[in-house]
file coords16.pdb (PDB, C-alpha atoms)
ATOM      1  CA  MET A   3       0.000   0.000   0.000
ATOM      2  CA  ALA A   4       2.731   2.372   1.001
ATOM      3  CA  LEU A   5       4.641   1.435  -2.107
ATOM      4  CA  ALA A   6       1.612   2.112  -4.315
ATOM      5  CA  ALA A   7       1.215   5.521  -2.694
ATOM      6  CA  LEU A   8       4.909   6.165  -3.277
ATOM      7  CA  LEU A   9       4.683   5.202  -6.935
ATOM      8  CA  ARG A  10       1.684   7.467  -7.405
ATOM      9  CA  ARG A  11       3.796  10.400  -6.262
ATOM     10  CA  MET A  12       6.496   9.670  -8.805
ATOM     11  CA  THR A  13       6.508  10.545 -12.474
ATOM     12  CA  PRO A  14       7.957   7.951 -14.874
ATOM     13  CA  LEU A  15      11.165   9.991 -15.053
ATOM     14  CA  ASP A  16      11.374   9.960 -11.258
ATOM     15  CA  ARG A  17      11.125   6.184 -11.266
ATOM     16  CA  LEU A  18      13.811   5.995 -13.919
ATOM     17  CA  ILE A  19      16.111   8.254 -11.884
ATOM     18  CA  VAL A  20      15.584   6.237  -8.707
ATOM     19  CA  LEU A  21      16.190   3.011 -10.586
ATOM     20  CA  VAL A  22      19.404   4.342 -12.149
ATOM     21  CA  LEU A  23      20.660   5.593  -8.787
ATOM     22  CA  LEU A  24      19.812   2.265  -7.186
ATOM     23  CA  LEU A  25      21.782   0.465  -9.870
ATOM     24  CA  ALA A  26      24.631   2.939  -9.425
ATOM     25  CA  SER A  27      24.823   2.266  -5.704
ATOM     26  CA  ALA A  28      24.671  -1.479  -6.354
ATOM     27  CA  ALA A  29      27.534  -1.054  -8.810
ATOM     28  CA  ALA A  30      29.401   1.023  -6.241
ATOM     29  CA  PHE A  31      28.990  -1.800  -3.737
ATOM     30  CA  ALA A  32      30.377  -4.242  -6.256
ATOM     31  CA  LEU A  33      33.277  -2.005  -7.313
ATOM     32  CA  ILE A  34      34.399  -0.244  -4.166
ATOM     33  CA  GLY A  35      32.934  -2.714  -1.684
ATOM     34  CA  HIS A  36      36.204  -4.495  -1.222
ATOM     35  CA  GLY A  37      39.456  -2.765  -0.656
ATOM     36  CA  PRO A  38      42.982  -3.598  -1.713
ATOM     37  CA  ARG A  39      44.199  -7.053  -0.834
ATOM     38  CA  GLY A  40      46.629  -7.241   2.014
ATOM     39  CA  THR A  41      50.064  -8.775   1.830
ATOM     40  CA  ARG A  42      50.948  -9.651   5.417
ATOM     41  CA  VAL A  43      49.311 -11.213   8.437
ATOM     42  CA  VAL A  44      50.208  -9.564  11.713
ATOM     43  CA  VAL A  45      49.189 -10.894  15.114
ATOM     44  CA  GLU A  46      49.266  -8.547  18.068
ATOM     45  CA  ARG A  47      48.829  -8.907  21.769
ATOM     46  CA  GLN A  48      48.368  -5.727  23.804
ATOM     47  CA  GLY A  49      49.823  -3.648  21.002
ATOM     48  CA  GLN A  50      52.891  -5.793  20.516
ATOM     49  CA  VAL A  51      53.479  -7.807  17.400
ATOM     50  CA  ILE A  52      53.941 -11.444  18.328
ATOM     51  CA  PHE A  53      53.714 -12.979  14.875
ATOM     52  CA  SER A  54      53.981 -11.806  11.310
ATOM     53  CA  ALA A  55      53.947 -13.726   8.033
ATOM     54  CA  PRO A  56      53.311 -13.090   4.336
ATOM     55  CA  LEU A  57      49.749 -13.816   3.229
ATOM     56  CA  GLY A  58      50.944 -15.550   0.090
ATOM     57  CA  VAL A  59      52.583 -18.519   1.794
ATOM     58  CA  ASP A  60      50.253 -21.259   3.009
ATOM     59  CA  ARG A  61      50.915 -22.362   6.573
ATOM     60  CA  THR A  62      49.270 -23.072   9.885
ATOM     61  CA  VAL A  63      50.711 -21.577  13.049
ATOM     62  CA  THR A  64      49.989 -22.150  16.689
ATOM     63  CA  LEU A  65      49.748 -19.047  18.832
ATOM     64  CA  ASN A  66      49.917 -19.253  22.573
ATOM     65  CA  GLY A  67      47.603 -17.133  24.645
ATOM     66  CA  PRO A  68      46.441 -16.909  28.256
ATOM     67  CA  LEU A  69      43.875 -19.653  27.655
ATOM     68  CA  GLY A  70      45.963 -21.950  25.510
ATOM     69  CA  GLU A  71      46.734 -22.558  21.877
ATOM     70  CA  THR A  72      44.958 -20.827  19.012
ATOM     71  CA  GLN A  73      45.579 -22.119  15.516
ATOM     72  CA  LEU A  74      45.769 -19.613  12.688
ATOM     73  CA  ARG A  75      45.681 -20.903   9.146
ATOM     74  CA  ILE A  76      46.867 -19.008   6.086
ATOM     75  CA  ARG A  77      45.641 -20.553   2.865
ATOM     76  CA  ASP A  78      45.025 -19.187  -0.644
ATOM     77  CA  GLY A  79      45.760 -15.642   0.506
ATOM     78  CA  HIS A  80      43.198 -15.814   3.304
ATOM     79  CA  ALA A  81      43.792 -15.984   7.027
ATOM     80  CA  GLY A  82      41.409 -17.601   9.470
ATOM     81  CA  ILE A  83      41.366 -19.075  12.949
ATOM     82  CA  ILE A  84      40.615 -22.779  12.819
ATOM     83  CA  SER A  85      40.798 -23.741  16.468
ATOM     84  CA  SER A  86      40.708 -21.826  19.710
ATOM     85  CA  PRO A  87      40.406 -22.686  23.380
ATOM     86  CA  CYS A  88      37.924 -19.902  24.049
ATOM     87  CA  ALA A  89      34.318 -20.562  25.093
ATOM     88  CA  HIS A  90      32.216 -19.039  22.327
ATOM     89  CA  LYS A  91      34.457 -19.502  19.288
ATOM     90  CA  VAL A  92      33.558 -16.066  17.993
ATOM     91  CA  CYS A  93      36.977 -15.763  16.392
ATOM     92  CA  ILE A  94      36.407 -18.896  14.322
ATOM     93  CA  GLY A  95      32.992 -17.584  13.373
ATOM     94  CA  MET A  96      34.573 -14.388  12.010
ATOM     95  CA  GLY A  97      35.692 -16.456   9.063
ATOM     96  CA  GLN A  98      38.454 -15.699   6.616
ATOM     97  CA  ILE A  99      40.056 -12.330   6.008
ATOM     98  CA  ALA A 100      42.161 -11.154   3.108
ATOM     99  CA  GLN A 101      41.682  -7.396   2.671
ATOM    100  CA  GLN A 102      43.938  -4.752   3.996
ATOM    101  CA  GLY A 103      42.748  -3.507   7.355
ATOM    102  CA  GLU A 104      40.500  -6.460   8.147
ATOM    103  CA  LEU A 105      40.638  -7.902  11.621
ATOM    104  CA  LEU A 106      40.134 -11.135  13.490
ATOM    105  CA  ALA A 107      39.986 -10.867  17.225
ATOM    106  CA  CYS A 108      39.938 -13.433  19.985
ATOM    107  CA  VAL A 109      39.265 -11.434  23.108
ATOM    108  CA  PRO A 110      39.417 -14.297  25.652
ATOM    109  CA  ASN A 111      42.749 -15.464  24.309
ATOM    110  CA  ASP A 112      43.978 -11.885  23.860
ATOM    111  CA  LEU A 113      44.844 -12.065  20.163
ATOM    112  CA  LEU A 114      44.368  -9.544  17.409
ATOM    113  CA  VAL A 115      44.980 -10.717  13.843
ATOM    114  CA  ARG A 116      45.327  -7.956  11.308
ATOM    115  CA  ILE A 117      45.985  -7.840   7.571
ATOM    116  CA  GLU A 118      48.464  -5.240   6.444
ATOM    117  CA  GLY A 119      48.975  -3.898   2.964
ATOM    118  CA  GLN A 120      51.943  -2.853   0.934
ATOM    119  CA  GLU A 121      52.130   0.787   1.919
ATOM    120  CA  ALA A 122      52.473   1.889   5.474
ATOM    121  CA  GLU A 123      49.266   3.018   7.121
ATOM    122  CA  GLU A 124      48.862   6.753   7.149
ATOM    123  CA  PRO A 125      48.887   8.354  10.559
ATOM    124  CA  SER A 126      45.342   8.486  11.801
ATOM    125  CA  HIS A 127      43.808  11.898  12.148
ATOM    126  CA  ASP A 128      42.284  13.233  15.239
ATOM    127  CA  LEU A 129      39.213  14.184  13.339
ATOM    128  CA  ILE A 130      36.532  16.443  14.634
ATOM    129  CA  SER A 131      34.091  16.839  11.843
ATOM    130  CA  ARG A 132      30.467  17.554  11.666
TER
ATOM    131  CA  MET B  18      -8.285  39.911  -0.858
ATOM    132  CA  THR B  19      -9.390  43.104   0.829
ATOM    133  CA  SER B  20      -6.772  45.381  -0.742
ATOM    134  CA  SER B  21      -7.916  45.141  -4.338
ATOM    135  CA  ALA B  22      -6.177  48.414  -5.230
ATOM    136  CA  VAL B  23      -2.728  46.828  -4.832
ATOM    137  CA  ASP B  24      -0.820  46.141  -8.014
ATOM    138  CA  PRO B  25      -1.003  42.322  -8.453
ATOM    139  CA  GLN B  26       2.618  42.135  -9.619
ATOM    140  CA  LEU B  27       3.813  43.958  -6.558
ATOM    141  CA  LEU B  28       1.661  41.691  -4.430
ATOM    142  CA  ALA B  29       3.188  38.610  -6.059
ATOM    143  CA  ARG B  30       6.697  39.958  -5.501
ATOM    144  CA  VAL B  31       6.088  40.700  -1.845
ATOM    145  CA  ARG B  32       4.464  37.314  -1.330
ATOM    146  CA  ARG B  33       7.375  35.602  -2.985
ATOM    147  CA  ARG B  34       9.801  37.391  -0.725
ATOM    148  CA  ILE B  35       7.861  36.567   2.401
ATOM    149  CA  PHE B  36       7.497  32.912   1.493
ATOM    150  CA  LEU B  37      11.187  32.640   0.618
ATOM    151  CA  ALA B  38      12.040  34.138   4.003
ATOM    152  CA  LEU B  39       9.749  31.585   5.652
ATOM    153  CA  PHE B  40      11.360  28.759   3.696
ATOM    154  CA  ILE B  41      14.816  29.903   4.722
ATOM    155  CA  ALA B  42      13.750  30.204   8.365
ATOM    156  CA  LEU B  43      12.297  26.677   8.298
ATOM    157  CA  ALA B  44      15.363  25.314   6.551
ATOM    158  CA  VAL B  45      17.646  26.874   9.162
ATOM    159  CA  ALA B  46      15.491  25.389  11.931
ATOM    160  CA  LEU B  47      15.683  21.923  10.359
ATOM    161  CA  HIS B  48      19.412  22.295   9.721
ATOM    162  CA  THR B  49      19.925  23.097  13.405
ATOM    163  CA  LEU B  50      17.632  20.311  14.557
ATOM    164  CA  GLU B  51      19.532  17.818  12.468
ATOM    165  CA  PHE B  52      22.787  19.017  13.891
ATOM    166  CA  LEU B  53      21.468  18.196  17.346
ATOM    167  CA  LEU B  54      20.355  14.695  16.392
ATOM    168  CA  PRO B  55      22.833  11.940  17.061
ATOM    169  CA  SER B  56      24.124  10.281  13.923
ATOM    170  CA  PRO B  57      26.041   7.031  13.489
ATOM    171  CA  ALA B  58      28.775   8.703  11.429
ATOM    172  CA  PRO B  59      29.648  12.378  11.013
ATOM    173  CA  TRP B  60      28.281  12.500   7.513
ATOM    174  CA  PHE B  61      25.083  10.525   7.839
ATOM    175  CA  ARG B  62      22.553  13.286   7.813
ATOM    176  CA  LEU B  63      18.914  13.103   6.916
ATOM    177  CA  GLY B  64      18.878  16.283   4.842
ATOM    178  CA  PHE B  65      15.473  17.557   5.949
ATOM    179  CA  ALA B  66      16.486  21.103   5.084
ATOM    180  CA  ASN B  67      16.479  20.046   1.457
ATOM    181  CA  ILE B  68      12.685  19.812   1.606
ATOM    182  CA  LEU B  69      12.548  23.593   1.647
ATOM    183  CA  THR B  70      15.048  23.945  -1.190
ATOM    184  CA  LEU B  71      12.875  21.587  -3.221
ATOM    185  CA  THR B  72       9.757  23.536  -2.401
ATOM    186  CA  ALA B  73      11.405  26.792  -3.419
ATOM    187  CA  LEU B  74      12.673  25.170  -6.611
ATOM    188  CA  PHE B  75       9.238  23.925  -7.629
ATOM    189  CA  LEU B  76       7.376  27.071  -6.649
ATOM    190  CA  TYR B  77       9.792  29.814  -7.637
ATOM    191  CA  GLY B  78      12.532  28.290  -9.777
ATOM    192  CA  GLY B  79      16.270  27.708  -9.671
ATOM    193  CA  ARG B  80      17.381  31.087  -8.317
ATOM    194  CA  ALA B  81      15.119  30.739  -5.305
ATOM    195  CA  ALA B  82      16.514  27.255  -4.651
ATOM    196  CA  TRP B  83      20.049  28.657  -4.647
ATOM    197  CA  VAL B  84      19.032  31.456  -2.284
ATOM    198  CA  VAL B  85      17.444  28.998   0.157
ATOM    199  CA  THR B  86      20.405  26.600   0.114
ATOM    200  CA  LEU B  87      23.137  29.212   0.512
ATOM    201  CA  ALA B  88      21.264  31.210   3.133
ATOM    202  CA  ARG B  89      20.422  28.024   5.015
ATOM    203  CA  VAL B  90      24.027  26.840   5.121
ATOM    204  CA  GLY B  91      25.325  30.293   6.082
ATOM    205  CA  ILE B  92      22.785  31.107   8.760
ATOM    206  CA  GLY B  93      22.511  27.522   9.973
ATOM    207  CA  SER B  94      26.270  27.333  10.505
ATOM    208  CA  LEU B  95      26.163  30.615  12.407
ATOM    209  CA  VAL B  96      23.438  29.213  14.638
ATOM    210  CA  VAL B  97      25.211  25.960  15.436
ATOM    211  CA  GLY B  98      28.545  27.737  15.666
ATOM    212  CA  ASN B  99      30.617  25.932  13.076
ATOM    213  CA  LEU B 100      30.998  28.658  10.479
ATOM    214  CA  PHE B 101      34.167  28.084   8.385
ATOM    215  CA  SER B 102      34.925  24.832  10.204
ATOM    216  CA  PRO B 103      35.381  21.565   8.276
ATOM    217  CA  GLY B 104      31.760  20.674   8.993
ATOM    218  CA  PHE B 105      30.634  23.936   7.429
ATOM    219  CA  LEU B 106      32.763  23.262   4.379
ATOM    220  CA  LEU B 107      31.150  19.851   4.008
ATOM    221  CA  SER B 108      27.658  21.315   4.316
ATOM    222  CA  LEU B 109      28.449  24.051   1.837
ATOM    223  CA  CYS B 110      29.970  21.830  -0.820
ATOM    224  CA  GLY B 111      27.293  19.180  -0.380
ATOM    225  CA  GLY B 112      24.642  21.869  -0.678
ATOM    226  CA  ILE B 113      26.221  23.400  -3.767
ATOM    227  CA  THR B 114      26.543  20.037  -5.531
ATOM    228  CA  ALA B 115      23.004  19.065  -4.592
ATOM    229  CA  THR B 116      21.485  22.369  -5.680
ATOM    230  CA  ALA B 117      23.433  22.395  -8.937
ATOM    231  CA  LEU B 118      22.141  18.901  -9.712
ATOM    232  CA  MET B 119      18.593  19.707  -8.686
ATOM    233  CA  THR B 120      18.282  22.967 -10.574
ATOM    234  CA  SER B 121      19.740  21.459 -13.734
ATOM    235  CA  ALA B 122      17.496  18.410 -13.387
ATOM    236  CA  ARG B 123      14.493  20.685 -13.093
ATOM    237  CA  ALA B 124      15.648  22.767 -16.047
ATOM    238  CA  LEU B 125      16.233  19.701 -18.204
ATOM    239  CA  GLY B 126      13.385  17.535 -16.983
ATOM    240  CA  GLY B 127      10.764  20.263 -16.907
ATOM    241  CA  ARG B 128       7.293  18.845 -16.426
ATOM    242  CA  HIS B 129       8.404  15.241 -16.550
ATOM    243  CA  ILE B 130      10.366  15.316 -13.333
ATOM    244  CA  GLY B 131       8.733  15.442  -9.924
ATOM    245  CA  PRO B 132       9.969  16.350  -6.449
ATOM    246  CA  VAL B 133      10.878  12.741  -5.618
ATOM    247  CA  GLY B 134      13.234  12.334  -8.555
ATOM    248  CA  VAL B 135      14.824  15.744  -8.037
ATOM    249  CA  SER B 136      15.206  15.061  -4.335
ATOM    250  CA  ALA B 137      16.848  11.671  -4.934
ATOM    251  CA  LEU B 138      19.296  13.284  -7.339
ATOM    252  CA  GLY B 139      19.999  16.088  -4.895
ATOM    253  CA  ALA B 140      20.588  13.748  -1.969
ATOM    254  CA  VAL B 141      22.987  11.621  -3.966
ATOM    255  CA  GLY B 142      24.754  14.758  -5.188
ATOM    256  CA  HIS B 143      24.977  15.978  -1.610
ATOM    257  CA  ALA B 144      26.541  12.720  -0.471
ATOM    258  CA  ALA B 145      29.003  12.646  -3.356
ATOM    259  CA  GLY B 146      29.994  16.295  -2.959
ATOM    260  CA  GLN B 147      30.429  15.937   0.757
ATOM    261  CA  LEU B 148      32.498  12.791   0.535
ATOM    262  CA  PHE B 149      34.680  14.345  -2.132
ATOM    263  CA  VAL B 150      35.399  17.385   0.016
ATOM    264  CA  ALA B 151      35.924  15.180   3.061
ATOM    265  CA  TRP B 152      38.484  13.253   1.071
ATOM    266  CA  LEU B 153      40.045  16.451  -0.261
ATOM    267  CA  VAL B 154      40.473  18.356   2.995
ATOM    268  CA  LEU B 155      39.982  15.980   5.897
ATOM    269  CA  VAL B 156      40.889  12.365   5.324
ATOM    270  CA  ARG B 157      43.288  11.770   2.484
ATOM    271  CA  HIS B 158      42.790   8.064   2.639
ATOM    272  CA  ALA B 159      41.439   5.775  -0.047
ATOM    273  CA  GLY B 160      39.596   3.844   2.649
ATOM    274  CA  LEU B 161      37.094   6.676   2.809
ATOM    275  CA  TRP B 162      35.706   5.635  -0.551
ATOM    276  CA  GLN B 163      34.677   2.308   0.881
ATOM    277  CA  LEU B 164      31.989   4.253   2.688
ATOM    278  CA  PHE B 165      30.684   5.566  -0.588
ATOM    279  CA  PRO B 166      28.242   2.741  -1.443
ATOM    280  CA  PHE B 167      26.638   2.912   2.004
ATOM    281  CA  PHE B 168      26.462   6.652   1.663
ATOM    282  CA  LEU B 169      24.842   6.434  -1.723
ATOM    283  CA  LEU B 170      22.202   3.958  -0.606
ATOM    284  CA  PHE B 171      21.434   5.930   2.536
ATOM    285  CA  ALA B 172      21.213   9.160   0.562
ATOM    286  CA  LEU B 173      18.852   7.532  -1.915
ATOM    287  CA  GLY B 174      16.536   6.476   0.911
ATOM    288  CA  THR B 175      16.504   9.873   2.603
ATOM    289  CA  GLY B 176      16.236  11.570  -0.777
ATOM    290  CA  ILE B 177      13.052   9.684  -1.625
ATOM    291  CA  ALA B 178      11.610  10.356   1.838
ATOM    292  CA  ASN B 179      12.401  14.084   1.573
ATOM    293  CA  GLY B 180      10.970  14.166  -1.922
ATOM    294  CA  ILE B 181       7.673  12.792  -0.653
ATOM    295  CA  ALA B 182       7.694  15.314   2.172
ATOM    296  CA  ALA B 183       8.348  18.116  -0.314
ATOM    297  CA  ASP B 184       5.553  16.811  -2.548
ATOM    298  CA  LEU B 185       3.121  16.850   0.373
ATOM    299  CA  LEU B 186       4.218  20.375   1.305
ATOM    300  CA  LEU B 187       3.835  21.525  -2.293
ATOM    301  CA  GLU B 188       0.347  20.042  -2.458
ATOM    302  CA  LEU B 189      -0.569  21.869   0.708
ATOM    303  CA  LEU B 190       0.874  25.179  -0.477
ATOM    304  CA  ARG B 191      -0.608  25.000  -3.943
ATOM    305  CA  SER B 192      -4.071  24.548  -2.509
ATOM    306  CA  HIS B 193      -3.528  27.819  -0.633
ATOM    307  CA  SER B 194      -4.999  30.900  -2.290
ATOM    308  CA  ALA B 195      -1.609  32.646  -2.394
ATOM    309  CA  PHE B 196      -0.232  29.970  -4.709
ATOM    310  CA  ARG B 197      -2.891  29.557  -7.315
ATOM    311  CA  THR B 198      -1.579  30.009 -10.828
ATOM    312  CA  PRO B 199      -1.055  33.687 -11.723
ATOM    313  CA  VAL B 200      -3.810  33.638 -14.345
ATOM    314  CA  ALA B 201      -6.338  32.152 -11.955
ATOM    315  CA  ALA B 202      -5.329  34.573  -9.247
ATOM    316  CA  GLU B 203      -5.702  37.532 -11.592
ATOM    317  CA  ASN B 204      -9.059  36.314 -12.801
ATOM    318  CA  GLY B 205     -10.141  35.926  -9.236
ATOM    319  CA  LEU B 206      -8.997  39.431  -8.516
ATOM    320  CA  GLU B 207     -10.780  40.882 -11.520
ATOM    321  CA  SER B 208     -14.010  39.111 -10.753
ATOM    322  CA  ARG B 209     -13.901  40.583  -7.308
ATOM    323  CA  ILE B 210     -13.077  44.056  -8.573
ATOM    324  CA  SER B 211     -15.848  44.150 -11.159
ATOM    325  CA  PRO B 212     -18.848  42.336  -9.785
TER
END
call {"tool": "encode", "arguments": {"input": "coords16.pdb", "output": "structure tokens"}}
result
Amino acid sequence: MALAALLRRMTPLDRLIVLVLLLASAAAFALIGHGPRGTRVVVERQGQVIFSAPLGVDRTVTLNGPLGETQLRIRDGHAGIISSPCAHKVCIGMGQIAQQGELLACVPNDLLVRIEGQEAEEPSHDLISR
Amino acid sequence: MTSSAVDPQLLARVRRRIFLALFIALAVALHTLEFLLPSPAPWFRLGFANILTLTALFLYGGRAAWVVTLARVGIGSLVVGNLFSPGFLLSLCGGITATALMTSARALGGRHIGPVGVSALGAVGHAAGQLFVAWLVLVRHAGLWQLFPFFLLFALGTGIANGIAADLLLELLRSHSAFRTPVAAENGLESRISP
């Protein structure tokens, strides 16, 4: 009903414009939706890097945390946690990451897995913007 | 109208001025209100003030739309206290892009284009202009463009909603005696003058 009322308020050209813009935003999702692929996997604990490896080389590593061993697998340019001693397995549920800036976190086991890209990250701005 | 001796053209001019002033006042109020609303990200704004720009555009034409937008951004920024700050720059450039798109759409589309289409175009233009300026002056980081699709979709939604609001407002105003078509108004005046 609401949709019918909406369509009544629109001229054919309006509908065309909305359709084109909708397609444009869908295209934007497809094009810009994913960022540059990362090149390195970096694992941090409390701000300190405890492990770092290139994303291109397949391997499985065991990382020790306060709770026990967490297994991180790098395969086909993707990194993912495949086993963890934590209770809820949220980190495993976060799946695979490959893009620059993506994160995997295991809070109980105090691990932060990050994908880094080629260029160094720019210094973050203290941004007050409205 | 009681003052039938008044020159109808003068009357129309004065009316136009008064209504434009009202539109600007309303737009400034909405601009300020929106500033006070919490938003998930600095640039997710609903753009209610655009309703008044649209109304001015459809009632009085492109120049009036420009007047409402520029006055709204200027006065609104004075009211909320961020004149010449980055936020003001974003508002200004978003507003300019949006108004440029809307006035040209109206000029090109003519009768075929309604408030909803113009509003959708304007909202998307606003988002694009704002993001471009944000990238230019604030965050020189390619990651900003990853926000663009979300921005675009959000702007499209608010644009359609604002367009409907503007359409409702236009309907309301056009049914008012001050906004009947000039010919009808003149005829009405004449019939009252010479009974």
call {"tool": "interface_residues", "arguments": {"input": "coords16.pdb", "of": "chain B", "to": "chain A", "cutoff": "7 Å", "atoms": "only C-alpha atoms", "output": "count of residues only"}}
result
14
call {"tool": "resolve_selection", "arguments": {"input": "coords16.pdb", "expression": "the PyMOL selection byres ((chain B and resi 94) around 10)", "output": "short mmCIF file (atom, residue, chain, number, x, y, z; two decimals) with C-alpha atoms, in the coordinates of the input"}}
result
data_model
loop_
_atom_site.label_atom_id
_atom_site.label_comp_id
_atom_site.auth_asym_id
_atom_site.auth_seq_id
_atom_site.Cartn_x
_atom_site.Cartn_y
_atom_site.Cartn_z
CA VAL B 45 17.65 26.87 9.16
CA HIS B 48 19.41 22.30 9.72
CA THR B 49 19.92 23.10 13.40
CA PHE B 52 22.79 19.02 13.89
CA ALA B 88 21.26 31.21 3.13
CA ARG B 89 20.42 28.02 5.01
CA VAL B 90 24.03 26.84 5.12
CA GLY B 91 25.32 30.29 6.08
CA ILE B 92 22.78 31.11 8.76
CA GLY B 93 22.51 27.52 9.97
CA LEU B 95 26.16 30.62 12.41
CA VAL B 96 23.44 29.21 14.64
CA VAL B 97 25.21 25.96 15.44
CA GLY B 98 28.54 27.74 15.67
CA ASN B 99 30.62 25.93 13.08
CA LEU B 100 31.00 28.66 10.48
CA PHE B 101 34.17 28.08 8.38
CA SER B 102 34.92 24.83 10.20
CA GLY B 104 31.76 20.67 8.99
CA PHE B 105 30.63 23.94 7.43
CA LEU B 106 32.76 23.26 4.38
CA SER B 108 27.66 21.32 4.32
CA LEU B 109 28.45 24.05 1.84
#
call {"tool": "atom_distance", "arguments": {"input": "coords16.pdb", "atom1": "CA of Pro68 (chain A)", "atom2": "CA of Arg42 (chain A)"}}
result
24.4 Å
call {"tool": "axis_aligned_box", "arguments": {"input": "coords16.pdb", "around": "region 147-150 of chain B", "padding_each_side": "5 Å", "output": "JSON"}}
result
{"center_x": 32.9, "center_y": 15.1, "center_z": -0.7, "size_x": 15.0, "size_y": 14.6, "size_z": 12.9}
call {"tool": "residues_around", "arguments": {"input": "coords16.pdb", "residues": "Leu37 (chain B)", "least_positions_apart": "3", "cutoff": "8 Å", "atoms": "only C-alpha atoms", "output": "PDB file with C-alpha atoms, in the frame of the given file"}}
result
ATOM      1  CA  ARG B  33       7.375  35.602  -2.985  1.00  0.00           C
ATOM      2  CA  ARG B  34       9.801  37.391  -0.725  1.00  0.00           C
ATOM      3  CA  PHE B  40      11.360  28.759   3.696  1.00  0.00           C
ATOM      4  CA  ILE B  41      14.816  29.903   4.722  1.00  0.00           C
ATOM      5  CA  ALA B  73      11.405  26.792  -3.419  1.00  0.00           C
ATOM      6  CA  ALA B  81      15.119  30.739  -5.305  1.00  0.00           C
ATOM      7  CA  VAL B  85      17.444  28.998   0.157  1.00  0.00           C
TER       8      VAL B  85
END
call {"tool": "closest_residue", "arguments": {"input": "coords16.pdb", "among": "A:Ile76, A:Leu69, A:Ala107, A:Ala100", "to": "Gly119 (chain A)", "atoms": "only C-alpha atoms"}}
result
A:Ala100
call {"tool": "atom_distance", "arguments": {"input": "coords16.pdb", "atom1": "CA of Gly79 (chain A)", "atom2": "CA of Leu57 (chain A)"}}
result
5.2 Å
call {"tool": "residues_around", "arguments": {"input": "coords16.pdb", "residues": "Ala151 (chain B)", "least_positions_apart": "3", "cutoff": "9 Å", "atoms": "all atoms listed in the file", "output": "ChimeraX atom specification"}}
result
/B:103,106-107,146-148,154-157,161
call {"tool": "closest_residue", "arguments": {"input": "coords16.pdb", "among": "A:Ala89, A:Ala4, A:Ala81, A:Ala55", "to": "Leu106 (chain A)", "atoms": "only C-alpha atoms"}}
result
A:Ala81
call {"tool": "decode", "arguments": {"input": "coords16.pdb", "residues": "region 25-36 of chain B", "atoms": "C-alpha atoms", "output": "short mmCIF file (atom, residue, chain, number, x, y, z; two decimals), in the first residue's frame"}}
result
data_model
loop_
_atom_site.label_atom_id
_atom_site.label_comp_id
_atom_site.auth_asym_id
_atom_site.auth_seq_id
_atom_site.Cartn_x
_atom_site.Cartn_y
_atom_site.Cartn_z
CA PRO B 25 -1.00 42.32 -8.45
CA GLN B 26 2.62 42.13 -9.62
CA LEU B 27 3.81 43.96 -6.56
CA LEU B 28 1.66 41.69 -4.43
CA ALA B 29 3.19 38.61 -6.06
CA ARG B 30 6.70 39.96 -5.50
CA VAL B 31 6.09 40.70 -1.84
CA ARG B 32 4.46 37.31 -1.33
CA ARG B 33 7.37 35.60 -2.98
CA ARG B 34 9.80 37.39 -0.72
CA ILE B 35 7.86 36.57 2.40
CA PHE B 36 7.50 32.91 1.49
#
